[in-house]
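A short write-up of the structure that comes next.
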Amino acid sequence: MEIITPGTPQTECRRCGDCCTKGSPTLHVTDEVLLIEGTLNYKDIYTIRAGELVYNNIDDEFITIEEELIKIKEKPGSRECIFFSKDDNSCKIYEKRPTQCQAFECWNTEKFLSVFGEEKITRERLLKSSPALLNIVDTHELKCSYSVLNNLFEEIRSGNDLVNDVFAILNYDMTLRPMLSDKMGVPNDYMNLLLGRPLTETIIMFGYKIETEEGGYFTLVNI
């Protein structure tokens with residue numbers, strides 16, 4: 001049995017679970033095989049779109065990303081990876097875990113940071129065999145970009161009445177999701193991969209939230 005004394009440098013995983021509970025991994029091109037062979041499914045992953053505010057668990061801070069990331073989903077209300085088992089602090093897909101998980105050593109982040117710079121999976125790569133669906137995703141990205149929303153909220157904070165413009169974008173995002181399910185048979189579990197997280201959830205990053213009034217009307221509320 002290993003005896004750990006104060007000041008003993010850590011050189012191996014102690015199965016504390018911190019790496020699995022402080023955020024899920026981003027997928028790289030090297031992880032595409034996990035989707036092909038079925039270790040991962042589209043229902044297990046989601047997209048963080050360019051311009052979105054995310055938690056950086058390496059530096060323990062929130063940052064705005066410049067390019068999209070595709071990540072394994074996290075358990076509702078937490079940053080815990082869906083494949084983490086609290087019962088024994090283990091990973092349900094450990095033998096075929098993603099590249100970032102293989103590289104992550106909490107006692108030495110150099111290997112992880114080196115891997116993080118390698119090419120990542122994108123929606124364009126995943127949907128290359130479905131041009132019609134990719135076109136819908138590209139159109140959504142154009143109409144619902146975070147850069148457009150950021151500009152609108154800046155104008156609103158300056159006193160310009162552009163709330164209806166924001167609602168038009170939110171409505172497009174909300175309407176498109178059930179349409180993809182009803183008209184094209186896309187599983188609901190895939191929506192956060194194809195379109196990213198619902199804008200009604202993520203606009204909190206701009207300091208606003210959506211409240212529903214009686215009759216189903218939406219109100220934009222400053223937090």
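By order in the structure tokens, chains are A, B, ...; within a chain, residues start at 1; ligands start at 1, following the order shown.
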Would you mind listing, for every residue of segment 3-99 of chain A within 10 Å of segment 123-128 of chain A, the two atoms forming the shortest contact and the distance between them in Å to one decimal, using only C-alpha atoms, sorted by chain and ascending residue number, as a tab-separated table?
```
residue	atom	partner	partner_atom	distance
A:Val29	CA	A:Arg125	CA	8.9
A:Glu32	CA	A:Leu126	CA	8.5
A:Leu35	CA	A:Leu126	CA	9.5
A:Tyr42	CA	A:Leu126	CA	9.6
A:Tyr46	CA	A:Arg123	CA	9.8
A:Thr47	CA	A:Arg123	CA	8.0
A:Glu68	CA	A:Arg123	CA	8.6
A:Leu69	CA	A:Arg123	CA	9.0
A:Ile70	CA	A:Arg123	CA	7.8
```
Quick one: contact table of segment 113-176 of chain A to segment 191-202 of chain A, 8 Å max, nearest atom pair and distance in Å to one decimal per residue, counting only C-alpha atoms, chain and number order, as a Markdown table?
```
| residue | atom | partner | partner_atom | distance |
| --- | --- | --- | --- | --- |
| A:Arg123 | CA | A:Leu194 | CA | 7.1 |
| A:Val137 | CA | A:Leu194 | CA | 6.3 |
| A:His140 | CA | A:Leu195 | CA | 7.1 |
| A:Glu141 | CA | A:Leu195 | CA | 7.6 |
| A:Leu170 | CA | A:Leu199 | CA | 6.2 |
| A:Asp173 | CA | A:Leu199 | CA | 6.9 |
| A:Met174 | CA | A:Pro198 | CA | 7.3 |
```
Include all heavy atoms and write out the residues we just selected as a PDB file, in the first residue's frame.
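That gives us again_32.pdb:
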```
ATOM      1  N   ARG A 123     -19.010  20.354 -36.107  1.00  0.00           N
ATOM      2  CA  ARG A 123     -20.274  19.898 -36.686  1.00  0.00           C
ATOM      3  C   ARG A 123     -20.136  19.689 -38.181  1.00  0.00           C
ATOM      4  O   ARG A 123     -20.738  18.776 -38.754  1.00  0.00           O
ATOM      5  CB  ARG A 123     -21.383  20.909 -36.376  1.00  0.00           C
ATOM      6  CG  ARG A 123     -21.818  20.927 -34.926  1.00  0.00           C
ATOM      7  CD  ARG A 123     -22.830  22.016 -34.648  1.00  0.00           C
ATOM      8  NE  ARG A 123     -22.234  23.351 -34.766  1.00  0.00           N
ATOM      9  CZ  ARG A 123     -22.895  24.484 -34.611  1.00  0.00           C
ATOM     10  NH1 ARG A 123     -24.196  24.442 -34.346  1.00  0.00           N
ATOM     11  NH2 ARG A 123     -22.282  25.652 -34.711  1.00  0.00           N
ATOM     12  N   VAL A 137     -27.965  23.822 -40.156  1.00  0.00           N
ATOM     13  CA  VAL A 137     -27.099  24.193 -39.036  1.00  0.00           C
ATOM     14  C   VAL A 137     -26.347  25.492 -39.349  1.00  0.00           C
ATOM     15  O   VAL A 137     -26.248  26.388 -38.495  1.00  0.00           O
ATOM     16  CB  VAL A 137     -26.107  23.054 -38.730  1.00  0.00           C
ATOM     17  CG1 VAL A 137     -25.026  23.525 -37.752  1.00  0.00           C
ATOM     18  CG2 VAL A 137     -26.834  21.846 -38.155  1.00  0.00           C
ATOM     19  N   HIS A 140     -28.735  28.451 -39.135  1.00  0.00           N
ATOM     20  CA  HIS A 140     -29.007  28.762 -37.727  1.00  0.00           C
ATOM     21  C   HIS A 140     -27.836  29.518 -37.127  1.00  0.00           C
ATOM     22  O   HIS A 140     -28.021  30.497 -36.389  1.00  0.00           O
ATOM     23  CB  HIS A 140     -29.265  27.471 -36.950  1.00  0.00           C
ATOM     24  CG  HIS A 140     -29.389  27.661 -35.471  1.00  0.00           C
ATOM     25  ND1 HIS A 140     -28.302  27.601 -34.618  1.00  0.00           N
ATOM     26  CD2 HIS A 140     -30.473  27.921 -34.679  1.00  0.00           C
ATOM     27  CE1 HIS A 140     -28.695  27.799 -33.381  1.00  0.00           C
ATOM     28  NE2 HIS A 140     -30.009  27.998 -33.378  1.00  0.00           N
ATOM     29  N   GLU A 141     -26.631  29.082 -37.431  1.00  0.00           N
ATOM     30  CA  GLU A 141     -25.441  29.738 -36.887  1.00  0.00           C
ATOM     31  C   GLU A 141     -25.362  31.189 -37.352  1.00  0.00           C
ATOM     32  O   GLU A 141     -24.977  32.084 -36.604  1.00  0.00           O
ATOM     33  CB  GLU A 141     -24.179  28.982 -37.323  1.00  0.00           C
ATOM     34  CG  GLU A 141     -22.898  29.469 -36.675  1.00  0.00           C
ATOM     35  CD  GLU A 141     -22.880  29.285 -35.175  1.00  0.00           C
ATOM     36  OE1 GLU A 141     -23.494  28.307 -34.690  1.00  0.00           O
ATOM     37  OE2 GLU A 141     -22.256  30.127 -34.487  1.00  0.00           O
ATOM     38  N   LEU A 170     -34.525  34.555 -30.763  1.00  0.00           N
ATOM     39  CA  LEU A 170     -34.923  33.505 -29.817  1.00  0.00           C
ATOM     40  C   LEU A 170     -36.040  32.649 -30.395  1.00  0.00           C
ATOM     41  O   LEU A 170     -36.040  31.415 -30.246  1.00  0.00           O
ATOM     42  CB  LEU A 170     -35.375  34.125 -28.496  1.00  0.00           C
ATOM     43  CG  LEU A 170     -34.330  34.900 -27.686  1.00  0.00           C
ATOM     44  CD1 LEU A 170     -34.961  35.441 -26.405  1.00  0.00           C
ATOM     45  CD2 LEU A 170     -33.138  34.028 -27.352  1.00  0.00           C
ATOM     46  N   ASP A 173     -34.734  30.204 -32.984  1.00  0.00           N
ATOM     47  CA  ASP A 173     -34.053  29.090 -32.331  1.00  0.00           C
ATOM     48  C   ASP A 173     -35.057  28.117 -31.721  1.00  0.00           C
ATOM     49  O   ASP A 173     -34.932  26.892 -31.874  1.00  0.00           O
ATOM     50  CB  ASP A 173     -33.121  29.633 -31.252  1.00  0.00           C
ATOM     51  CG  ASP A 173     -32.370  28.530 -30.505  1.00  0.00           C
ATOM     52  OD1 ASP A 173     -31.568  27.827 -31.148  1.00  0.00           O
ATOM     53  OD2 ASP A 173     -32.587  28.386 -29.287  1.00  0.00           O
ATOM     54  N   MET A 174     -36.078  28.644 -31.054  1.00  0.00           N
ATOM     55  CA  MET A 174     -37.074  27.787 -30.405  1.00  0.00           C
ATOM     56  C   MET A 174     -37.941  27.041 -31.414  1.00  0.00           C
ATOM     57  O   MET A 174     -38.331  25.901 -31.185  1.00  0.00           O
ATOM     58  CB  MET A 174     -37.957  28.625 -29.476  1.00  0.00           C
ATOM     59  CG  MET A 174     -37.272  29.105 -28.220  1.00  0.00           C
ATOM     60  SD  MET A 174     -38.414  29.928 -27.063  1.00  0.00           S
ATOM     61  CE  MET A 174     -38.790  31.419 -27.981  1.00  0.00           C
TER      62      MET A 174
END
```
Could you name the residues that touch Ile156 of chain A at 12 Å or less, counting only C-alpha atoms, but leaving out those on the same chain fewer than 4 positions away, as a PyMOL selection string?
-> chain A and resi 149-152+160-166+206-208+220-222
I need the residues from that last selection saved to file as a PDB file, in the first residue's frame (with N, CA and C atoms), if you can.
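Produced file out16.pdb, reproduced below:
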```
ATOM      1  N   LEU A 149     -26.070  38.655 -31.231  1.00  0.00           N
ATOM      2  CA  LEU A 149     -26.771  38.885 -29.968  1.00  0.00           C
ATOM      3  C   LEU A 149     -26.000  39.846 -29.069  1.00  0.00           C
ATOM      4  N   ASN A 150     -24.696  39.703 -29.034  1.00  0.00           N
ATOM      5  CA  ASN A 150     -23.884  40.599 -28.215  1.00  0.00           C
ATOM      6  C   ASN A 150     -24.053  42.053 -28.655  1.00  0.00           C
ATOM      7  N   ASN A 151     -24.062  42.278 -29.968  1.00  0.00           N
ATOM      8  CA  ASN A 151     -24.250  43.639 -30.489  1.00  0.00           C
ATOM      9  C   ASN A 151     -25.627  44.189 -30.125  1.00  0.00           C
ATOM     10  N   LEU A 152     -26.650  43.330 -30.204  1.00  0.00           N
ATOM     11  CA  LEU A 152     -28.005  43.765 -29.859  1.00  0.00           C
ATOM     12  C   LEU A 152     -28.105  44.149 -28.388  1.00  0.00           C
ATOM     13  N   ASN A 160     -31.262  51.752 -26.744  1.00  0.00           N
ATOM     14  CA  ASN A 160     -31.986  51.523 -27.998  1.00  0.00           C
ATOM     15  C   ASN A 160     -32.953  50.348 -27.848  1.00  0.00           C
ATOM     16  N   ASP A 161     -34.149  50.518 -28.376  1.00  0.00           N
ATOM     17  CA  ASP A 161     -35.206  49.511 -28.223  1.00  0.00           C
ATOM     18  C   ASP A 161     -35.092  48.454 -29.322  1.00  0.00           C
ATOM     19  N   LEU A 162     -34.275  47.450 -29.049  1.00  0.00           N
ATOM     20  CA  LEU A 162     -34.080  46.366 -30.013  1.00  0.00           C
ATOM     21  C   LEU A 162     -34.485  45.018 -29.421  1.00  0.00           C
ATOM     22  N   VAL A 163     -35.350  45.077 -28.413  1.00  0.00           N
ATOM     23  CA  VAL A 163     -35.796  43.844 -27.749  1.00  0.00           C
ATOM     24  C   VAL A 163     -36.497  42.918 -28.737  1.00  0.00           C
ATOM     25  N   ASN A 164     -37.281  43.469 -29.645  1.00  0.00           N
ATOM     26  CA  ASN A 164     -37.985  42.629 -30.622  1.00  0.00           C
ATOM     27  C   ASN A 164     -37.017  41.898 -31.540  1.00  0.00           C
ATOM     28  N   ASP A 165     -35.878  42.520 -31.794  1.00  0.00           N
ATOM     29  CA  ASP A 165     -34.856  41.850 -32.615  1.00  0.00           C
ATOM     30  C   ASP A 165     -34.297  40.636 -31.881  1.00  0.00           C
ATOM     31  N   VAL A 166     -34.112  40.785 -30.582  1.00  0.00           N
ATOM     32  CA  VAL A 166     -33.652  39.659 -29.771  1.00  0.00           C
ATOM     33  C   VAL A 166     -34.696  38.553 -29.762  1.00  0.00           C
ATOM     34  N   PHE A 206     -25.322  37.363 -21.155  1.00  0.00           N
ATOM     35  CA  PHE A 206     -25.391  38.787 -21.476  1.00  0.00           C
ATOM     36  C   PHE A 206     -26.008  39.605 -20.344  1.00  0.00           C
ATOM     37  N   GLY A 207     -26.351  38.925 -19.251  1.00  0.00           N
ATOM     38  CA  GLY A 207     -26.934  39.632 -18.112  1.00  0.00           C
ATOM     39  C   GLY A 207     -28.446  39.740 -18.176  1.00  0.00           C
ATOM     40  N   TYR A 208     -29.070  38.899 -18.990  1.00  0.00           N
ATOM     41  CA  TYR A 208     -30.525  38.904 -19.119  1.00  0.00           C
ATOM     42  C   TYR A 208     -31.064  37.475 -19.026  1.00  0.00           C
ATOM     43  N   LEU A 220     -38.113  39.901 -21.459  1.00  0.00           N
ATOM     44  CA  LEU A 220     -36.671  39.956 -21.262  1.00  0.00           C
ATOM     45  C   LEU A 220     -36.381  40.716 -19.976  1.00  0.00           C
ATOM     46  N   VAL A 221     -35.716  40.058 -19.051  1.00  0.00           N
ATOM     47  CA  VAL A 221     -35.489  40.638 -17.718  1.00  0.00           C
ATOM     48  C   VAL A 221     -34.000  40.820 -17.471  1.00  0.00           C
ATOM     49  N   ASN A 222     -33.632  42.008 -17.028  1.00  0.00           N
ATOM     50  CA  ASN A 222     -32.240  42.278 -16.678  1.00  0.00           C
ATOM     51  C   ASN A 222     -31.939  41.618 -15.335  1.00  0.00           C
TER      52      ASN A 222
END
```
DSSP says alpha helix (DSSP H) for which residues of segment 1-211 of chain A? Put them as JSON, numbers by chain?
-> {"A": [18, 19, 20, 21, 32, 33, 34, 35, 36, 99, 100, 101, 102, 103, 110, 111, 112, 113, 114, 115, 116, 123, 124, 125, 126, 131, 132, 133, 134, 135, 136, 137, 138, 139, 140, 141, 142, 143, 146, 147, 148, 149, 150, 151, 152, 153, 154, 155, 156, 157, 163, 164, 165, 166, 167, 168, 169, 170, 171, 172, 173, 174, 175, 176, 177, 178, 179, 180, 181, 182, 183, 184, 191, 192, 193, 194, 199, 200, 201, 202]}
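Coordinates place atom CA of Arg79 of chain A at a distance of 4.6 Å from atom CA of Gly23 of chain A.
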Shell around Ile72 of chain A at 12 Å using only C-alpha atoms, local window under 4 positions removed, as a PyMOL selection string | chain A and resi 20+23-28+31+34-35+39-48+79-84+93+97-98+100-101+121+192-193
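Of the residues in segment 47-193 of chain A, those that DSSP places in strand (DSSP E) on the basis of the backbone are Thr47, Ile48, Leu53, Val54, Tyr55, Asn56, Glu61, Phe62, Ile63, Thr64, Leu69, Ile70, Lys71, Ile72, Phe84, Ser85, Ser90 and Cys91 of chain A.
Atom pair atom CA of Phe104 of chain A / atom CA of Arg49 of chain A has a distance of 23.4 Å (rounded to one decimal).
Atom to atom, atom CA of Asn188 of chain A and atom CA of Lys86 of chain A stand 27.0 Å apart.
Among the candidates A:Asp189, A:Leu133, A:Asn108, A:Ser90, the residue lying nearest to Arg15 of chain A is A:Ser90 (atoms considered: only C-alpha atoms).
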Nearest-residue call for Asp60 of chain A, choices A:Lys111, A:Asp87, A:Lys22, A:Ser158, using only C-alpha atoms = A:Lys22
